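Asks: To start, I am sharing the structure in question, which I have written as structure tokens.
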Amino acid sequence: MITEKLQTLNPMQKKAVLKTDGPILILAGAGSGKTRVLTHRIAYLIDALNVNAFNILALTFTNKAAKEMKQRVCEITQSGSDVWVSTFHSTCVRILRRDIQNLGYTNQFTIYDADDSEKLIKEILKTLQLDEKMFSPKSVMAEIGKQKDNLITPDVFLETADNFRLKKIAEIYKIYQSRLKANNSLDFDDLIFKTVELFSKNADILDKYQQRFKYIMVDEYQDTNTSQYKLIKLLSSKHKNICVVGDDDQSIYGWRGANIRNILDFEKDFKNAEVIKLEQNYRSTKVILNAANMVIKNNFGRKSKSLWTENIDGDKIICRCLDSDLEEAKFISEKINEKVKSNTANYGDFAVLYRNNALSRVIEERLVLSSIPYRLFGAQNFYSRKEIKDILAYLKVIYNPHDDIAIKRIINVPKRGIGDSSIEKVNAYAEKNSISFMEALSQANEISELKSRSKKLFSFYSLIKDLSELSEEISVSQLLNAVLDKTNYISEFAEESKSDISGRIDNIQELINKAVEYEQNNEDASLSGFLEEISLVADIDNLNNDENRVVLMTLHSSKGLEFDYVFMAGFEEGIFPSFRSILEGEPNIMEEERRLCYVGITRAKKQLYISYAKTRLQHGKYVYNTASRFLKEIPKDYLDLSENVSKTENISSPVKITKAENKFKPKKTYSGLKNNYAANIPSPKNIVLDFNIGDKVRQMKYGIGTVKKISPAGADYEVTVEFEKVGEKKVMAMLAKLKKL
DNA sequence: GCAAGCCCAGATAGT
DNA sequence: CTGGGCTTGC
């Protein structure tokens with residue numbers, strides 16, 4: 001069975017699978033089949049060596065990778081579902097939920113996202129009377145995060161801090177940690193740090209997990225930071241069966257604490273480690289792979305490795321210099337339509353990759369105009385929308401009444417006449433009596449300073465108390481409905497802003513859908529489980545391969561994925577490499593940008609498109625950029641420049657254009673998804689609507705309605721529909737998928 | 001306590 | 001251009 005399957009592997013892959021005992025580093029180049037090796041390795045352990053699936057741990061960075069690996073393991077071995085495959089963060093949450101009481105938290109802890117953390121930092125800055133200009137919450141957070149990634153406690157940090165600023169940040173860090181603890185909450189970095197702390201302080205607990213995890217596998221090892229490294233080291237130190245897979249050339253998370261030394265020094269860290277290199281690429285054409293190799297060659301301090309492929313040469317990389325960001329977007333959409341209309345590709349075969357999220361907007365707008373279905377990842381995360389954060393804050397408070405950040409978020413949302421001064425008074429009372437904010441609320445009547453306002457505060461307390469009691473009996477989705485119902489959340493905000501309310505209602509509905517979905521997928525569904533999933537699931541985890549839509553994402557998000565046709569947009573100095581990386585002047589920083597470029601190029605299987613614009617709108621101004629230095633690192637032989645009208649690729653140094661000059665620059669011809677579609681847009685040709693004015697139609701979110709008006713807009717039609725539930729709305733026929741009844 | 005309005009600063013990347 | 005913070009006038 002499994003031995004037959006091993007025959008499909010190449011010699012190096014097979015060697016990696018068969019070497020099951022002791023430390024092993026698999027240096028897996030892009031597209032060399034590392035997931036295949038990992039999954040076969042797991043299957044081999046189970047089916048050939050009779051290892052209990054329960055004794056295997058596989059760690060990944062994203063839920064998507066975990067999900068995919070689990071699925072593929074299940075395909076090749078029956079007991080695959082018993083293997084513990086999950087991300088570092090979820091693994092740690094699982095461990096902490098069981099044993100965190102040893103560190104003085106309760107297992108009802110909540111998880112803070114970056115937003116929550118920043119709010120807490122801001123509060124602390126206020127109490128310390130520090131200027132937010134000197135200590136911007138973001139930079140403070142970044143500094144604290146850096147310490148946490150390196151397992152440095154506030155006290156140790158204070159000792160090493162050698163200037164005023166760092167000393168102050170150490171002080172903030174200390175208070176931050178104590179506040180987190182008082183709130184019974186952990187931030188992202190804590191999830192790893194606290195698990196390491198738990199293991200370090202409790203030999204018996206560590207022993208329990210060491211016993212269990214006889215075989216450990218780590219994906220994307222080049223992205224591990226010091227705390228993750230320590231975690232792996234601790235867990236594997238008993239059985240020493242540790243298999244890490246990674247590619248130093250794809251290390252692109254240095255800014256998140258990833259320590260490239262982890263992979264470069266693996267053989268020193270783990271005695272008797274074997275190193276296996278997977279150098280045959282099965283993904284890309286020769287042209288693409290060679291171009292990638294030529295770029296990455298410019299980095300120093302790499303593990304020696306040379307990727308090759310037996311694939312065909314393939315077409316040259318189409319490289320295009322456009323006049324503006326709008327032209328670039330047009331170029332991309334035209335190329336996509338060309339291929340799709342000639343039936344050589346589907347929308348789902350394309351990805352558009354860019355260095356930062358801001359670049360997606362122009363492209364997105366153009367895709368809408370061209371009626372190209374797409375899916376945008378990253379950007380404004382669904383869970384970071386106001387209304388979603390509000391509702392989730394209710395759930396968090398219900399689950400963990402010590403979560404002051406969540407309480408303060410919702411205590412006056414919807415408006416209940418509770419302002420800052422009341423909150424301050426409750427705060428003072430809580431501190432004086434050393435009780436939590438929520439406990440203080442329960443005693444609101446005793447706080448004389450509140451006078452008549454105490455009623456409002458107490459009724460908020462009762463509201464939460466009622467909901468908490470309810471939460472014991474009902475499901476998460478029912479609880480969500482109860483929250484909406486008891487707070488009048490929707491009707492309250494319906495009054496304040498009439499403009500974008502339907503979008504917000506949609507979002508809330510979507511949240512309820514997600515809760516229902518969660519309940520269906522998990523037998524042991526619980527409030528904590530739902531909150532966890534939401535905190536730890538990234539946007540990209542929902543990438544669905546069979547959606548048949550063009551995918552738009554950052555270069556970072558694209559790691560681990562592959563597409564037939566890849567566009568790398570915004571290939572400009574100041575964009576990619578980023579302005580900041582140029583400014584830093586640090587070779588290490590620039591090398592990471594180059595690795596990012598390598599990652600991008602190697603996502604493409606058949607054809608790569610590189611584009612850059614002479615000018616683009618940034619911060620409301622037109623900016624001139626020159627072609628990216630990385631473009632010059634790709635030999636001309638690999639580039640197809642024939643489509644460029646003018647050969648003026650290299651423009652003089654970046655020039656900032658002032659407002660006054662702006663009116664002479666290219667003008668936007670269309671702006672945004674909602675309004676003024678300009679005249680030079682093709683009229684609809686390819687779509688025939690099967691409904692007319694007066695017909696009843698159905699739309700997924702809005703339900704049933706009557707068509708009021710139909711007008712051409714770009715290559716689609718804008719349809720005005722009077723919906724029974726949500727009233728009149730304007731939607732695009734194709735995008736909204738209107739169905740005639 | 002709250003809404004409106006002004007002003008200023010600000011933009012890598014994401015578990 | 002956008003969002004957050006702060007001021008102001010109810």
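Ligands are numbered from 1 in the order shown, residues from 1 within each chain, and chains are lettered A, B, ... in the order they appear in the structure tokens.
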Can you tell me, as a ChimeraX atom specification, what residues are no more than 12 Å from DT12 in chain B when counting only C-alpha atoms (C1' of nucleotides), ignoring any on the same chain fewer than 3 positions away?
Replies: /A:252-253,255-256,354-359,554-556,574-582,589,593,596
Asks: Show me, as a list of chain:residue names, the residues that have an atom within 12 Å of DC7 in chain B when counting only C-alpha atoms (C1' of nucleotides), minus same-chain residues fewer than 2 positions from it.
Replies: B:DG5, B:DA9, C:DG3, C:DG4, C:DG5, C:DC6, C:DT7
Asks: Go ahead and save the residues from that selection, with C-alpha atoms (C1' of nucleotides), as a PDB file, in the first residue's frame.
Replies:
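File result-v4.pdb, as written:
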ATOM      1  C1'  DG B   5     -16.527  69.462  12.147  1.00  0.00           C
ATOM      2  C1'  DA B   9      -0.611  62.703  10.166  1.00  0.00           C
TER       3       DA B   9
ATOM      4  C1'  DG C   3      -9.224  57.884   9.764  1.00  0.00           C
ATOM      5  C1'  DG C   4      -8.504  59.140  14.324  1.00  0.00           C
ATOM      6  C1'  DG C   5      -8.185  62.640  17.774  1.00  0.00           C
ATOM      7  C1'  DC C   6      -9.464  66.815  19.481  1.00  0.00           C
ATOM      8  C1'  DT C   7     -12.489  70.982  19.954  1.00  0.00           C
TER       9       DT C   7
END
Asks: Output as CSV one row per residue of chain A within 10 Å of chain C: the closest atom pair and its distance in Å to one decimal place, counting only C-alpha atoms (C1' of nucleotides), sorted by chain and residue number ascending.
Replies:
residue,atom,partner,partner_atom,distance
A:Leu617,CA,C:DC1,C1',10.0
A:Gln618,CA,C:DC1,C1',8.9
A:His619,CA,C:DC1,C1',6.3
A:Gly620,CA,C:DC1,C1',5.1
A:Lys621,CA,C:DC1,C1',8.9
Asks: Between CA of Asn50 in chain A and CA of Gln210 in chain A, what is the distance, to one decimal in Å?
Replies: 18.8 Å
Asks: For chain A, work out the contacting residues on chain B at 10 Å, counting only C-alpha atoms (C1' of nucleotides), and write them as a PyMOL selection string.
Replies: chain B and resi 1-2+10-15
Asks: Write down as an MDAnalysis selection string the residues belonging to range 196-375 of chain A that are assigned strand (DSSP E or B) by DSSP computed on the backbone.
Replies: chainID A and resid 215:218 225 242:246 258 274:278 280:281 308:309 317:324 350:354 374:375
Asks: As an MDAnalysis selection string, please: the residues near Asn513 in chain A (cut-off 12 Å, only C-alpha atoms (C1' of nucleotides), same-chain neighbours under 3 positions excluded).
Replies: chainID A and resid 476:478 480:481 506:510 516:520 701
Asks: Got time to write the residues from that selection, all heavy atoms, as a short mmCIF file (atom, residue, chain, number, x, y, z; two decimals), in the first residue's frame?
Replies:
data_model
loop_
_atom_site.label_atom_id
_atom_site.label_comp_id
_atom_site.auth_asym_id
_atom_site.auth_seq_id
_atom_site.Cartn_x
_atom_site.Cartn_y
_atom_site.Cartn_z
N VAL A 476 -24.17 29.07 19.88
CA VAL A 476 -23.50 30.33 19.57
C VAL A 476 -24.36 31.20 18.65
O VAL A 476 -24.51 32.40 18.88
CB VAL A 476 -22.12 30.08 18.92
CG1 VAL A 476 -21.43 31.40 18.62
CG2 VAL A 476 -21.25 29.24 19.83
N SER A 477 -24.92 30.57 17.62
CA SER A 477 -25.71 31.38 16.68
C SER A 477 -26.96 31.94 17.37
O SER A 477 -27.36 33.08 17.12
CB SER A 477 -26.10 30.54 15.47
OG SER A 477 -26.78 29.38 15.87
N GLN A 478 -27.55 31.15 18.26
CA GLN A 478 -28.70 31.65 19.01
C GLN A 478 -28.28 32.79 19.93
O GLN A 478 -29.00 33.78 20.09
CB GLN A 478 -29.33 30.52 19.84
CG GLN A 478 -30.07 29.51 18.99
CD GLN A 478 -30.46 28.28 19.79
OE1 GLN A 478 -29.69 27.79 20.61
NE2 GLN A 478 -31.66 27.79 19.54
N LEU A 480 -25.83 34.85 19.40
CA LEU A 480 -25.64 36.03 18.56
C LEU A 480 -26.97 36.74 18.34
O LEU A 480 -27.07 37.96 18.47
CB LEU A 480 -25.04 35.63 17.22
CG LEU A 480 -23.54 35.46 17.17
CD1 LEU A 480 -23.11 34.82 15.86
CD2 LEU A 480 -22.84 36.80 17.34
N ASN A 481 -27.98 35.96 18.02
CA ASN A 481 -29.30 36.56 17.82
C ASN A 481 -29.82 37.21 19.09
O ASN A 481 -30.41 38.29 19.05
CB ASN A 481 -30.28 35.51 17.31
CG ASN A 481 -30.10 35.25 15.83
OD1 ASN A 481 -30.02 36.19 15.04
ND2 ASN A 481 -29.98 33.99 15.44
N ASP A 506 -25.56 43.11 6.31
CA ASP A 506 -25.03 41.93 5.60
C ASP A 506 -23.91 41.29 6.39
O ASP A 506 -23.84 40.08 6.53
CB ASP A 506 -24.45 42.34 4.24
CG ASP A 506 -25.54 42.65 3.25
OD1 ASP A 506 -26.72 42.39 3.57
OD2 ASP A 506 -25.22 43.15 2.17
N ASN A 507 -23.01 42.14 6.87
CA ASN A 507 -21.86 41.62 7.61
C ASN A 507 -22.30 40.87 8.85
O ASN A 507 -21.76 39.81 9.17
CB ASN A 507 -20.92 42.76 8.00
CG ASN A 507 -20.19 43.31 6.80
OD1 ASN A 507 -20.02 42.62 5.80
ND2 ASN A 507 -19.76 44.56 6.88
N ILE A 508 -23.26 41.43 9.55
CA ILE A 508 -23.75 40.77 10.75
C ILE A 508 -24.41 39.45 10.39
O ILE A 508 -24.19 38.43 11.05
CB ILE A 508 -24.70 41.69 11.53
CG1 ILE A 508 -23.91 42.89 12.09
CG2 ILE A 508 -25.38 40.94 12.66
CD1 ILE A 508 -24.75 43.97 12.70
N GLN A 509 -25.18 39.46 9.32
CA GLN A 509 -25.81 38.23 8.87
C GLN A 509 -24.74 37.19 8.54
O GLN A 509 -24.85 36.02 8.87
CB GLN A 509 -26.69 38.51 7.63
CG GLN A 509 -27.50 37.32 7.17
CD GLN A 509 -28.34 36.72 8.29
OE1 GLN A 509 -29.09 37.43 8.98
NE2 GLN A 509 -28.19 35.42 8.52
N GLU A 510 -23.68 37.69 7.90
CA GLU A 510 -22.58 36.81 7.52
C GLU A 510 -21.94 36.19 8.77
O GLU A 510 -21.55 35.03 8.78
CB GLU A 510 -21.55 37.62 6.73
CG GLU A 510 -20.39 36.84 6.15
CD GLU A 510 -20.84 35.78 5.16
OE1 GLU A 510 -21.89 35.97 4.52
OE2 GLU A 510 -20.14 34.76 5.05
N VAL A 516 -23.31 29.46 12.40
CA VAL A 516 -24.08 28.27 12.06
C VAL A 516 -23.17 27.23 11.41
O VAL A 516 -23.18 26.05 11.76
CB VAL A 516 -25.25 28.63 11.11
CG1 VAL A 516 -25.92 27.37 10.59
CG2 VAL A 516 -26.25 29.53 11.81
N GLU A 517 -22.35 27.72 10.49
CA GLU A 517 -21.41 26.85 9.80
C GLU A 517 -20.47 26.17 10.80
O GLU A 517 -20.22 24.98 10.74
CB GLU A 517 -20.59 27.71 8.83
CG GLU A 517 -20.00 26.99 7.66
CD GLU A 517 -19.31 28.00 6.75
OE1 GLU A 517 -19.99 28.93 6.24
OE2 GLU A 517 -18.10 27.90 6.61
N TYR A 518 -19.99 26.99 11.73
CA TYR A 518 -19.10 26.46 12.76
C TYR A 518 -19.78 25.36 13.57
O TYR A 518 -19.20 24.32 13.86
CB TYR A 518 -18.65 27.61 13.68
CG TYR A 518 -18.07 27.15 14.99
CD1 TYR A 518 -16.78 26.63 15.06
CD2 TYR A 518 -18.82 27.22 16.17
CE1 TYR A 518 -16.25 26.19 16.26
CE2 TYR A 518 -18.31 26.77 17.37
CZ TYR A 518 -17.02 26.26 17.41
OH TYR A 518 -16.52 25.80 18.60
N GLU A 519 -21.04 25.59 13.90
CA GLU A 519 -21.78 24.59 14.68
C GLU A 519 -21.96 23.29 13.90
O GLU A 519 -21.89 22.21 14.45
CB GLU A 519 -23.16 25.14 15.09
CG GLU A 519 -23.06 26.13 16.23
CD GLU A 519 -24.26 27.07 16.28
OE1 GLU A 519 -25.26 26.80 15.61
OE2 GLU A 519 -24.16 28.08 16.99
N GLN A 520 -22.17 23.45 12.60
CA GLN A 520 -22.37 22.26 11.77
C GLN A 520 -21.08 21.45 11.63
O GLN A 520 -21.11 20.24 11.55
CB GLN A 520 -22.88 22.66 10.39
CG GLN A 520 -24.36 23.02 10.43
CD GLN A 520 -24.81 23.72 9.17
OE1 GLN A 520 -24.00 24.07 8.32
NE2 GLN A 520 -26.11 23.94 9.06
N LYS A 701 -28.04 37.38 -0.68
CA LYS A 701 -28.08 38.03 0.63
C LYS A 701 -29.38 38.77 0.88
O LYS A 701 -29.93 38.75 1.98
CB LYS A 701 -26.92 39.02 0.75
CG LYS A 701 -25.63 38.36 1.09
CD LYS A 701 -24.52 39.38 1.14
CE LYS A 701 -23.17 38.68 1.28
NZ LYS A 701 -22.09 39.57 0.87
#
Asks: Which of range 157-356 of chain A end up as helix (DSSP H, G or I) when DSSP is run on this backbone - answer as a PyMOL selection string?
Replies: chain A and resi 157-160+164-182+188-201+203-212+221-223+226-236+248-250+254-256+261-264+266-269+286-296+325-341+347-349
Asks: Neighbours of Asn544 in chain A within 12 Å (only C-alpha atoms (C1' of nucleotides); same-chain residues fewer than 2 positions away dropped), as a PyMOL selection string?
Replies: chain A and resi 64+67-68+348+374-377+539-542+546-551+561
Asks: Using only C-alpha atoms (C1' of nucleotides), which residues sit within 6 Å of Lys708 in chain A once same-chain residues fewer than 6 positions away are excluded, as a PDB file with N, CA and C atoms, in the first residue's frame?
Replies:
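Result file result-v1.pdb:
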ATOM      1  N   ILE A 693     -37.696  44.757 -16.309  1.00  0.00           N
ATOM      2  CA  ILE A 693     -38.312  45.588 -15.283  1.00  0.00           C
ATOM      3  C   ILE A 693     -39.668  44.991 -14.892  1.00  0.00           C
ATOM      4  N   THR A 720     -31.597  48.219 -10.390  1.00  0.00           N
ATOM      5  CA  THR A 720     -32.211  48.703  -9.164  1.00  0.00           C
ATOM      6  C   THR A 720     -33.345  47.765  -8.790  1.00  0.00           C
ATOM      7  N   VAL A 721     -33.272  47.241  -7.578  1.00  0.00           N
ATOM      8  CA  VAL A 721     -34.265  46.257  -7.143  1.00  0.00           C
ATOM      9  C   VAL A 721     -34.895  46.712  -5.831  1.00  0.00           C
TER      10      VAL A 721
END
Asks: Kindly give the distance, in Å, that separates CA of Lys214 in chain A and CA of Ile56 in chain A, rounded to a single decimal.
Replies: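 Calculated distance between CA of Lys214 in chain A and CA of Ile56 in chain A is 6.2 Å.
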Asks: Kindly give the distance, in Å, that separates CA of Thr106 in chain A and CA of Arg94 in chain A, rounded to a single decimal.
Replies: 13.4 Å
